[in-house]
Amino acid sequence: MNLDHPTELLTENMSHDLTNSVALITGGGRGLGRVIAGGLSKLGARVVITARSQQELDDTVNWIRADNGNVDAVRADVADRSDVGRLREEVLKKFGPPRILINAAGTFGPIQLIQDSSIDAWIGSFETNMFGPYLVCRAFLKPMIDAGWGRIINFSSAATLHPPGPLNSAYATSKVALNQFTRHLAAELQTTEVTANVIHPGEVKTAMWAEIQRAAETAGPLAQPLRDWAKQVGIQGGDDPQRAFDLVLEIIRGKYSQASGKFLWIEGGKQPQLTSWD
């Protein structure tokens, strides 16, 4: 499946009744965020996507609506406090509290040694990968709790569980922070019907994969592992995005519906499961 221009919506697990449940998806204009938005819409959810690019949002809305999906878009930068405040007001006013919140927006950041790194790019990784989920979760937590049920899914990475490398400190560190943030969030939510988990969505050929591939080509000998990884994903095609969608559904209504504060994996992924805090 081409993640930028998918040819069909994901339609498995149709037994899950999500009719009119509001699902807010950050990073919904492209990649896995786009695929999951289409899949949830196909299952009857009222999907709201947000991203920085209005063009990507428009493309995704047109694609989903062409198949009679229920989707709306609100342009926002999740790392911008005022944007998230505006997002909160618009979503609650027009659609009501989200029952499903998926933080799929992410960036890999600079492929550089710390000593040579761009300060803006390094901190920018945290702004998108960690501060964004914090701001969005904070904005919608109380409405979700008051609504009586909710599922928060934060996109993390297996990179957080691998030994550290010299060139991906921004990405891996920001995702480690996201993991721990989600654990704290789950602890806060223990007495509610809202859960929070992180997932490794698989090794998927997304726009981020293409960006890593391009950046690693000129990053010198230390970037060889990244080049090898990008090449392998390119040749093999990566994991089927359906697996990430299936995992999202398992968290919403399936075998992980009562899990909270967990690091969850897709079924049968190319990345072997690694030991997390569990």
# chains A, B, ... in the order shown; residues from 1 in each chain; ligands from 1
call {"tool": "residues_around", "arguments": {"residues": "Asn70 of chain A", "least_positions_apart": "2", "cutoff": "8 Å", "atoms": "only C-alpha atoms", "output": "JSON list (two decimals) with N, CA and C atoms, in the first residue's frame"}}
result
[["chain", "number", "residue", "atom", "x", "y", "z"],
["A", 41, "SER", "N", -12.36, 5.73, 10.15],
["A", 41, "SER", "CA", -13.52, 6.30, 9.48],
["A", 41, "SER", "C", -14.35, 5.21, 8.81],
["A", 44, "GLY", "N", -16.76, 3.65, 11.04],
["A", 44, "GLY", "CA", -17.85, 4.47, 11.54],
["A", 44, "GLY", "C", -17.47, 5.57, 12.49],
["A", 45, "ALA", "N", -16.18, 5.69, 12.84],
["A", 45, "ALA", "CA", -15.77, 6.75, 13.75],
["A", 45, "ALA", "C", -15.90, 8.11, 13.08],
["A", 46, "ARG", "N", -16.09, 9.12, 13.89],
["A", 46, "ARG", "CA", -16.06, 10.50, 13.41],
["A", 46, "ARG", "C", -14.64, 11.01, 13.59],
["A", 47, "VAL", "N", -13.88, 11.00, 12.52],
["A", 47, "VAL", "CA", -12.45, 11.23, 12.60],
["A", 47, "VAL", "C", -12.13, 12.72, 12.42],
["A", 64, "ILE", "N", -10.61, 10.23, 2.06],
["A", 64, "ILE", "CA", -11.54, 9.54, 2.95],
["A", 64, "ILE", "C", -12.99, 9.81, 2.55],
["A", 65, "ARG", "N", -13.29, 11.07, 2.24],
["A", 65, "ARG", "CA", -14.67, 11.40, 1.87],
["A", 65, "ARG", "C", -15.07, 10.77, 0.54],
["A", 68, "ASN", "N", -16.90, 7.90, 1.26],
["A", 68, "ASN", "CA", -18.02, 8.17, 2.17],
["A", 68, "ASN", "C", -17.63, 8.14, 3.64],
["A", 72, "ASP", "N", -13.02, 15.26, 9.31],
["A", 72, "ASP", "CA", -12.80, 16.71, 9.26],
["A", 72, "ASP", "C", -11.35, 16.96, 9.64]]
call {"tool": "residues_around", "arguments": {"residues": "Arg99 of chain A", "least_positions_apart": "2", "cutoff": "8 Å", "atoms": "only C-alpha atoms", "output": "short mmCIF file (atom, residue, chain, number, x, y, z; two decimals) with C-alpha atoms, in the first residue's frame"}}
result
data_model
loop_
_atom_site.label_atom_id
_atom_site.label_comp_id
_atom_site.auth_asym_id
_atom_site.auth_seq_id
_atom_site.Cartn_x
_atom_site.Cartn_y
_atom_site.Cartn_z
CA SER A 21 -16.98 7.91 18.36
CA VAL A 22 -14.78 10.97 17.93
CA ALA A 23 -11.20 9.99 17.06
CA PRO A 97 -14.74 15.17 23.47
CA LEU A 101 -6.71 10.14 20.83
CA MET A 144 -12.16 12.37 27.99
CA ALA A 147 -17.04 11.54 29.03
CA TRP A 149 -14.26 6.37 28.48
CA GLY A 150 -11.19 6.97 26.34
CA ARG A 151 -8.13 5.43 24.71
#
call {"tool": "closest_residue", "arguments": {"among": "A:Met208, A:Leu247, A:Ala196, A:Gly254", "to": "Gly268 of chain A", "atoms": "only C-alpha atoms"}}
result
A:Leu247
call {"tool": "closest_residue", "arguments": {"among": "A:Trp63, A:Phe155, A:Trp277, A:Phe95", "to": "Gly132 of chain A", "atoms": "only C-alpha atoms"}}
result
A:Phe155
call {"tool": "residues_around", "arguments": {"residues": "Ser276 of chain A", "least_positions_apart": "3", "cutoff": "10 Å", "atoms": "only C-alpha atoms", "output": "PDB file with C-alpha atoms, in the first residue's frame"}}
result
ATOM      1  CA  ALA A 158      11.763   0.284  19.094  1.00  0.00           C
ATOM      2  CA  THR A 160      14.010   3.505  22.558  1.00  0.00           C
ATOM      3  CA  LEU A 161      14.933  -0.073  23.513  1.00  0.00           C
ATOM      4  CA  ASN A 179       7.467   6.345  26.890  1.00  0.00           C
ATOM      5  CA  LYS A 262       2.290  -0.576  28.324  1.00  0.00           C
ATOM      6  CA  PHE A 263       4.692  -0.721  25.379  1.00  0.00           C
ATOM      7  CA  LEU A 264       2.731  -2.683  22.764  1.00  0.00           C
ATOM      8  CA  GLN A 273      10.077  -7.695  20.241  1.00  0.00           C
TER       9      GLN A 273
END
call {"tool": "closest_residue", "arguments": {"among": "A:Asn154, A:Ala210, A:Thr275, A:Gly109", "to": "Val248 of chain A", "atoms": "only C-alpha atoms"}}
result
A:Asn154
